[in-house]
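Content type mmCIF, C-alpha atoms, from the file upload.cif:
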data_protein
#
loop_
_atom_site.group_PDB
_atom_site.id
_atom_site.type_symbol
_atom_site.label_atom_id
_atom_site.label_comp_id
_atom_site.auth_asym_id
_atom_site.auth_seq_id
_atom_site.Cartn_x
_atom_site.Cartn_y
_atom_site.Cartn_z
ATOM 1 C CA VAL A 34 0.108 6.612 21.853
ATOM 2 C CA PRO A 35 -2.216 8.911 19.780
ATOM 3 C CA ALA A 36 -1.441 6.897 16.634
ATOM 4 C CA LEU A 37 -2.385 3.703 18.467
ATOM 5 C CA VAL A 38 -5.691 5.243 19.567
ATOM 6 C CA HIS A 39 -6.491 6.163 15.944
ATOM 7 C CA PHE A 40 -5.568 2.636 14.833
ATOM 8 C CA LEU A 41 -7.796 1.016 17.455
ATOM 9 C CA THR A 42 -10.786 3.254 16.702
ATOM 10 C CA ALA A 43 -10.607 3.129 12.898
ATOM 11 C CA GLY A 44 -13.992 2.346 11.406
ATOM 12 C CA THR A 45 -15.969 3.089 14.574
ATOM 13 C CA GLY A 46 -17.244 6.409 13.252
ATOM 14 C CA CYS A 47 -18.432 6.704 9.663
ATOM 15 C CA GLY A 48 -16.629 3.529 8.585
ATOM 16 C CA SER A 49 -14.515 5.151 5.874
ATOM 17 C CA GLY A 50 -11.291 4.001 7.540
ATOM 18 C CA VAL A 51 -12.157 0.304 7.481
ATOM 19 C CA LYS A 52 -10.928 -0.328 3.921
ATOM 20 C CA VAL A 53 -7.688 1.577 4.488
ATOM 21 C CA LEU A 54 -7.124 -0.237 7.768
ATOM 22 C CA GLY A 55 -7.671 -3.577 6.043
ATOM 23 C CA GLN A 56 -5.171 -2.672 3.334
ATOM 24 C CA LEU A 57 -2.645 -1.593 5.959
ATOM 25 C CA VAL A 58 -3.028 -4.816 7.929
ATOM 26 C CA ASP A 59 -2.779 -6.926 4.752
ATOM 27 C CA ALA A 60 0.373 -5.083 3.663
ATOM 28 C CA GLU A 61 1.985 -5.628 7.064
ATOM 29 C CA LEU A 62 1.069 -9.309 7.090
ATOM 30 C CA GLU A 63 2.488 -9.802 3.582
ATOM 31 C CA ALA A 64 5.650 -7.912 4.559
ATOM 32 C CA ASN A 65 6.078 -10.417 7.389
ATOM 33 C CA GLY A 66 5.667 -13.426 5.100
ATOM 34 C CA VAL A 67 2.037 -14.252 5.897
ATOM 35 C CA THR A 68 -0.122 -15.314 2.961
ATOM 36 C CA VAL A 69 -3.193 -13.085 2.728
ATOM 37 C CA ASP A 70 -6.372 -14.430 1.113
ATOM 38 C CA LYS A 71 -7.535 -11.924 -1.529
ATOM 39 C CA GLY A 72 -10.780 -13.763 -2.280
ATOM 40 C CA LEU A 73 -14.130 -12.006 -2.304
ATOM 41 C CA CYS A 74 -15.406 -14.045 0.646
ATOM 42 C CA GLY A 75 -15.324 -17.527 2.123
ATOM 43 C CA CYS A 76 -17.147 -18.873 -0.924
ATOM 44 C CA PHE A 77 -14.749 -17.583 -3.601
ATOM 45 C CA ALA A 78 -10.962 -17.506 -3.798
ATOM 46 C CA HIS A 79 -11.239 -14.942 -6.624
ATOM 47 C CA THR A 80 -11.611 -11.173 -6.367
ATOM 48 C CA ARG A 81 -14.771 -9.415 -7.563
ATOM 49 C CA ALA A 82 -12.964 -8.296 -10.743
ATOM 50 C CA GLU A 83 -11.758 -11.843 -11.451
ATOM 51 C CA LEU A 84 -15.263 -13.222 -10.960
ATOM 52 C CA TYR A 85 -16.631 -10.614 -13.364
ATOM 53 C CA GLU A 86 -14.152 -11.748 -16.027
ATOM 54 C CA ILE A 87 -15.011 -15.424 -15.417
ATOM 55 C CA VAL A 88 -18.738 -14.728 -15.843
ATOM 56 C CA ARG A 89 -18.151 -12.600 -18.940
ATOM 57 C CA THR A 90 -15.690 -14.970 -20.595
ATOM 58 C CA LEU A 91 -17.564 -18.200 -19.888
ATOM 59 C CA ARG A 92 -20.967 -16.542 -20.387
ATOM 60 C CA LEU A 93 -22.335 -17.972 -17.175
ATOM 61 C CA THR A 94 -26.000 -17.153 -16.702
ATOM 62 C CA SER A 95 -26.625 -17.977 -13.060
ATOM 63 C CA PHE A 96 -25.029 -17.493 -9.688
ATOM 64 C CA ALA A 97 -25.337 -21.242 -9.051
ATOM 65 C CA GLU A 98 -23.233 -21.979 -12.161
ATOM 66 C CA LEU A 99 -20.540 -19.588 -10.977
ATOM 67 C CA LEU A 100 -20.516 -20.928 -7.434
ATOM 68 C CA ASP A 101 -20.513 -24.571 -8.518
ATOM 69 C CA SER A 102 -17.756 -24.103 -11.094
ATOM 70 C CA HIS A 103 -15.490 -21.546 -9.389
ATOM 71 C CA GLY A 104 -16.511 -21.510 -5.736
ATOM 72 C CA ARG A 105 -14.474 -23.004 -2.938
ATOM 73 C CA GLU A 106 -15.144 -26.695 -2.316
ATOM 74 C CA GLY A 107 -17.253 -26.127 0.793
ATOM 75 C CA ALA A 108 -19.412 -23.480 -0.877
ATOM 76 C CA ARG A 109 -20.499 -25.494 -3.880
ATOM 77 C CA ASN A 110 -24.171 -26.485 -4.026
ATOM 78 C CA THR A 111 -25.075 -23.732 -1.544
ATOM 79 C CA ASP A 112 -26.714 -20.325 -1.879
ATOM 80 C CA GLY A 113 -23.508 -18.462 -1.034
ATOM 81 C CA CYS A 114 -22.931 -16.235 1.977
ATOM 82 C CA GLU A 115 -24.147 -12.778 3.023
ATOM 83 C CA ILE A 116 -21.293 -11.165 1.078
ATOM 84 C CA CYS A 117 -21.632 -12.895 -2.286
ATOM 85 C CA LYS A 118 -25.155 -14.164 -2.691
ATOM 86 C CA PRO A 119 -27.291 -12.183 -5.115
#

Structure re-expressed in structure tokens:
Amino acid sequence: VPALVHFLTAGTGCGSGVKVLGQLVDAELEANGVTVDKGLCGCFAHTRAELYEIVRTLRLTSFAELLDSHGREGARNTDGCEICKP
């Protein structure tokens, strides 16, 4: 039971456990055959590192270019979300 209490309260203090908890949940889901979306947010299916490489390689100069060319279909021609918008 103490382990369950720690699991249920992770991230309620300083927040440092949130990332680890997310990684743990993702690992368990993947181990059970569930596909886990690794995208930065709802606007991008790519990780932050992948987006950096896209911008660098294609020499994109604006967030709109990146979102319109590599964003998810529903996010194109928008300003992005609270996670990704500049």

Going by the chain IDs and residue numbers used in this file, which residues fall under the PyMOL selection byres ((chain A and resi 69) around 12)? Write them as a ChimeraX atom specification.
/A:55-68,70-72,78

Counting all atoms listed in the file, the residue among A:Cys47, A:Cys76, A:Lys52, A:Thr94 that lies closest to Asn110 of chain A is A:Cys76

Report, as JSON, the axis-aligned box around all atoms of segment 77-86 of chain A present in the file, extended by 6 Å on each side; give centre and edge lengths in Å to one decimal place.
{"center_x": -13.8, "center_y": -12.9, "center_z": -9.8, "size_x": 17.7, "size_y": 21.3, "size_z": 24.4}

Could you list the residues chosen by the PyMOL selection byres ((chain A and resi 96) around 10) in this structure as an mmCIF file with C-alpha atoms, keeping the file's coordinate frame?
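What ended up in expr_10.cif:
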data_model
loop_
_atom_site.group_PDB
_atom_site.id
_atom_site.type_symbol
_atom_site.label_atom_id
_atom_site.label_comp_id
_atom_site.auth_asym_id
_atom_site.auth_seq_id
_atom_site.Cartn_x
_atom_site.Cartn_y
_atom_site.Cartn_z
ATOM 1 C CA VAL A 88 -18.738 -14.728 -15.843
ATOM 2 C CA LEU A 93 -22.335 -17.972 -17.175
ATOM 3 C CA THR A 94 -26.000 -17.153 -16.702
ATOM 4 C CA SER A 95 -26.625 -17.977 -13.060
ATOM 5 C CA ALA A 97 -25.337 -21.242 -9.051
ATOM 6 C CA GLU A 98 -23.233 -21.979 -12.161
ATOM 7 C CA LEU A 99 -20.540 -19.588 -10.977
ATOM 8 C CA LEU A 100 -20.516 -20.928 -7.434
ATOM 9 C CA ASP A 101 -20.513 -24.571 -8.518
ATOM 10 C CA SER A 102 -17.756 -24.103 -11.094
ATOM 11 C CA ASP A 112 -26.714 -20.325 -1.879
ATOM 12 C CA GLY A 113 -23.508 -18.462 -1.034
ATOM 13 C CA CYS A 117 -21.632 -12.895 -2.286
ATOM 14 C CA LYS A 118 -25.155 -14.164 -2.691
ATOM 15 C CA PRO A 119 -27.291 -12.183 -5.115
#

Go ahead and compute the interatomic distance for atom CA of Glu115 of chain A and atom CA of Arg92 of chain A, in Å to one decimal.
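These two atoms are separated by 23.9 Å.
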
Two-atom distance - atom CA of Phe77 of chain A, atom CA of Glu106 of chain A (Å)
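So the two atoms, atom CA of Phe77 of chain A and atom CA of Glu106 of chain A, lie 9.2 Å apart.
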
Give me, please, the distance in Å between atom CA of Ala108 of chain A and atom CA of Arg89 of chain A, quoted to one decimal.
21.1 Å

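Distance annotation: of A:Val53, A:Thr45, A:Ile116, A:Gly107, the residue with the minimal separation from Arg81 of chain A is A:Ile116; atom set is all atoms listed in the file.
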